[in-house]
Amino acid sequence: MILVSYDVNVGERKSTTTLMTTASETSLRGQKSMSAASESVCTFCAAQEARKKQVNFRNEYASMAVSIALLSVGLAALLLFGESVLATVLFLLSTLAAGKDIIPRGIRGAANIHLDVNFLMTFASFAAFLIGAPLEGAAVMLLFSVAELLEMKANDRVRVELESLLNLKPHTVSILTDDGEDEVLVEEVEPGQLIIIRPGERIGLDGTVVEGVSDVDQSPITGESIPVMKESGDIVYAGSINQNGYLKVEVSRAAGETVLARIVEEVEEAQERKAPTERLISRVSHVYTPAVVAGSVLLSFVSYLLGAPIELAVYRGLTLLVTSCPCAFAISIPVTMVSSLTGLARSGILVKGAEFIERMSQTDLVAFDKTGTLTRAELVVSGIHPVGENTQEDVISLAASLETLSEHPVSTAILEYAKANGIRLNRVGSFEAIPGYGIRGTIDGQIYFVGNRALIEEEVGEIPEQLNQISSGKSLAYLSNEREVLGMILLSDTLRTEAKSTIEAIKAMGIRTAMLTGDRSEIARQVAAELGIDDFYPGLLPSDKVDLIEKLAGEGQTIMVGDGVNDAPALAAADVGVALGGISSDIALETADIALMEEDLSKLPVVMIQSRRAMSVVKQNITASVAIKAVVAALAILGISSLWLAIGVGDMGLTLAVLANALRLVRKS
């Protein structure tokens, strides 16, 4: 392909070397994120198991039912016979049934000198038996196991939501063979093979339509509810639903390489990348439990020194121990973050880690690349200015005739205008592309030029004053013969319809906006004014954009939004890189921290609002956890609280509240 340059900077391309460098930078940054995320992992709660594997809830419910039954019978025996061996044995059996997983974990933790929440509850429960409070000992273990079950259910719900993404892909597809059709596993299909999708069927693999017309529901991938018409030459994606037509599709990617498979993979990896707040909580948790044990022992000792009976002194210490259980505190952040990640994924927004949600919530500036992001990178003719006796039709006819042999975006725009207006084209003789300037060709033996100002001034001379007086924030293409300039064509890039409303929504949040572009200053100024963008930076090369983003990031939390291709280095340099149109760009999925799967800028404010909501929920949960536990702990120190209150309100009740608050974010944004 021959590339021709005009006074326009649309569809900037980046060299292979730059792409390779960017890929390396992205890989390195991903390794750093994973490394940071693995520095500390919360191992407090059994609920973490639900994030990694499916829990057998039938067994959990059975154990819970047995424990409740034994506790109820033990309570009846206590009421009928008073304190007795029978009642104590029933309470002990209830404790063992409820703690079938908790007690072994607590013992292993103590043996490894790792005092986690399982050790706290095991110690508190059996200590209650030793001081003559078997009913409360059994209740502590039962209510704590209920809290653990609630956490496992919450995490399992998130896991199921993630698996539902994977289940969007059918297990088998119908392929065309020499003998007809054959149903095979999607994993067995290779790129290049033809598959058949009938009305109502899910598309099993990414590919290109070679026959048929149908409306396709792409909402599982893009979040867009309106079906898209697909015909020969259009791309379809695994997980989409063929609604009303017959499609024959040539497979382009193997099962493990589809857009859907990569989305699922990215979301799974994102769950392991912790936000800074989450990592801080995890690190604090490692010293929290030993401190709680020491505080409980100290409270018992001081109470005893102040004259309390040994049983009452130990009881107070156990109440503080149970109150200080960090489950609600520790689980609130990961559940909130994973719920938010999953909810956004269901809306066609792929966020690669909780840390980016936290960063998005703190945004000070959003910087947009112009071409392909704020605009569609599709030039259109917006004005024709002939010189002398030439008409607009003369100018377009000659220019379009020459442009038939060029593949530049300017050529496409001029040819489409000529076609739409029924302009007659001439036969072109010799043709030459002049890289960086334009083109030269002959029509009816006459030499003509179409190109930028530099080309015309070099070949013909000065530009006529009447053209210089035209103040335009548009791209320019001049037409001339060997003697004089014949006219000028104005071209403009098409703004995205949602660009202005997106900018307004972001500014309404109190966030500044900026635009980065390689275009001339007057073009950048016009676009910025039309969209209401605060600052613009014209005439930038890809390396200049990187330097500018690094400078802006030093002044505040900076988000860079681009198409994920020619501005990949700038995306990597920003605090958060957001790529537009991840569904059609492998580089966007690789480079960006957040990928808007559809080319829809209006989803950017959605991410920002959801990020703020997520961090608001985190703050609500942490504040509630600290406040309620502080009150119950104060009551325990004063000897007013009981084990019932400590476990019922300070642990199980609080855990239920923070989980319910966090799971609101799972819903589709």
# chains A, B, ... in the order shown; residues from 1 in each chain; ligands from 1
call {"tool": "select_by_dssp", "arguments": {"residues": "segment 308-408 of chain A", "states": "helix (DSSP H, G or I)", "output": "count of residues only"}}
result
59
call {"tool": "closest_atom_pairs", "arguments": {"of": "segment 341-445 of chain A", "to": "segment 613-629 of chain A", "cutoff": "8 Å", "atoms": "only C-alpha atoms", "output": "tab-separated table"}}
result
residue	atom	partner	partner_atom	distance
A:Ile357	CA	A:Ala614	CA	7.7
A:Glu358	CA	A:Met615	CA	6.6
A:Ser361	CA	A:Met615	CA	7.0
call {"tool": "write_last_selection", "arguments": {"atoms": "C-alpha atoms", "output": "tab-separated table (two decimals), in the first residue's frame"}}
result
chain	number	residue	atom	x	y	z
A	357	ILE	CA	-11.25	0.93	40.00
A	358	GLU	CA	-9.65	2.72	42.94
A	361	SER	CA	-12.44	6.94	41.53
call {"tool": "atom_distance", "arguments": {"atom1": "atom CA of Val85 of chain A", "atom2": "atom CA of Ile68 of chain A"}}
result
18.7 Å
call {"tool": "closest_residue", "arguments": {"among": "A:Ser63, A:Asn468, A:Ser252, A:Thr494", "to": "Val146 of chain A", "atoms": "only C-alpha atoms"}}
result
A:Ser63
call {"tool": "closest_residue", "arguments": {"among": "A:Leu635, A:Ala133, A:Gly256, A:Ala98", "to": "Ala65 of chain A", "atoms": "only C-alpha atoms"}}
result
A:Ala98
call {"tool": "residues_around", "arguments": {"residues": "Leu247 of chain A", "least_positions_apart": "2", "cutoff": "10 Å", "atoms": "only C-alpha atoms", "output": "short mmCIF file (atom, residue, chain, number, x, y, z; two decimals) with N, CA and C atoms, in the first residue's frame"}}
result
data_model
loop_
_atom_site.label_atom_id
_atom_site.label_comp_id
_atom_site.auth_asym_id
_atom_site.auth_seq_id
_atom_site.Cartn_x
_atom_site.Cartn_y
_atom_site.Cartn_z
N ILE A 195 -18.52 -22.74 9.68
CA ILE A 195 -19.54 -23.19 10.63
C ILE A 195 -20.88 -22.60 10.25
N ILE A 196 -21.95 -23.28 10.65
CA ILE A 196 -23.31 -22.87 10.35
C ILE A 196 -23.98 -22.42 11.64
N ILE A 197 -24.64 -21.24 11.60
CA ILE A 197 -25.41 -20.77 12.75
C ILE A 197 -26.83 -20.50 12.30
N ARG A 198 -27.77 -21.23 12.90
CA ARG A 198 -29.18 -21.08 12.54
C ARG A 198 -29.85 -20.07 13.48
N PRO A 199 -31.05 -19.61 13.12
CA PRO A 199 -31.75 -18.64 13.97
C PRO A 199 -31.93 -19.16 15.40
N ILE A 203 -23.49 -18.10 18.67
CA ILE A 203 -22.32 -18.24 17.80
C ILE A 203 -21.18 -18.80 18.65
N THR A 208 -15.85 -14.56 10.28
CA THR A 208 -16.36 -13.61 9.30
C THR A 208 -17.50 -14.25 8.52
N VAL A 209 -18.59 -13.52 8.38
CA VAL A 209 -19.74 -14.03 7.64
C VAL A 209 -19.37 -14.14 6.15
N VAL A 210 -19.61 -15.30 5.58
CA VAL A 210 -19.36 -15.50 4.14
C VAL A 210 -20.66 -15.69 3.37
N GLU A 211 -21.75 -15.94 4.11
CA GLU A 211 -23.04 -16.12 3.44
C GLU A 211 -24.15 -15.89 4.45
N GLY A 212 -25.22 -15.20 4.00
CA GLY A 212 -26.38 -14.99 4.85
C GLY A 212 -26.46 -13.58 5.41
N VAL A 213 -27.67 -13.25 5.88
CA VAL A 213 -27.93 -11.96 6.53
C VAL A 213 -28.78 -12.22 7.76
N SER A 214 -28.42 -11.58 8.88
CA SER A 214 -29.19 -11.79 10.11
C SER A 214 -28.89 -10.67 11.11
N LYS A 230 -25.81 -8.34 10.44
CA LYS A 230 -24.57 -8.92 9.93
C LYS A 230 -24.84 -9.51 8.55
N GLU A 231 -23.91 -9.23 7.65
CA GLU A 231 -23.99 -9.79 6.31
C GLU A 231 -22.60 -10.19 5.85
N SER A 232 -22.47 -10.62 4.63
CA SER A 232 -21.19 -11.12 4.13
C SER A 232 -20.08 -10.08 4.33
N ASN A 242 -27.49 -15.38 17.24
CA ASN A 242 -28.07 -15.18 15.91
C ASN A 242 -29.59 -15.17 16.05
N ASN A 244 -32.40 -14.10 13.65
CA ASN A 244 -33.48 -14.41 12.71
C ASN A 244 -33.05 -14.88 11.33
N GLY A 245 -31.78 -15.12 11.11
CA GLY A 245 -31.34 -15.53 9.78
C GLY A 245 -30.34 -16.67 9.82
N VAL A 249 -20.30 -18.93 8.49
CA VAL A 249 -19.19 -18.13 9.03
C VAL A 249 -17.87 -18.86 8.87
N GLU A 250 -16.86 -18.15 8.40
CA GLU A 250 -15.50 -18.70 8.35
C GLU A 250 -14.80 -18.37 9.66
#
call {"tool": "residues_around", "arguments": {"residues": "Ala76 of chain A", "least_positions_apart": "4", "cutoff": "12 Å", "atoms": "only C-alpha atoms", "output": "list in words"}}
result
Ala69, Leu70, Leu71, Ser72, Leu80, Phe81, Gly82, Glu83, Ser84, Leu86, Ala87, Thr88, Leu90, Phe91 and Leu135 of chain A
call {"tool": "residues_around", "arguments": {"residues": "segment 444-455 of chain A", "least_positions_apart": "2", "cutoff": "9 Å", "atoms": "only C-alpha atoms", "output": "VMD selection string"}}
result
chain A and resid 4 to 8 398 to 399 402 to 403 426 to 430 434 436 to 442 457 to 460 462 to 463 476 to 482
call {"tool": "residues_around", "arguments": {"residues": "Tyr304 of chain A", "least_positions_apart": "6", "cutoff": "10 Å", "atoms": "only C-alpha atoms", "output": "list in words"}}
result
Leu298, Ile310, Glu311, Leu312, Ala313 and Val314 of chain A
call {"tool": "atom_distance", "arguments": {"atom1": "atom CA of Arg253 of chain A", "atom2": "atom CA of Thr371 of chain A"}}
result
28.5 Å
call {"tool": "atom_distance", "arguments": {"atom1": "atom CA of Arg202 of chain A", "atom2": "atom CA of Ala592 of chain A"}}
result
28.2 Å
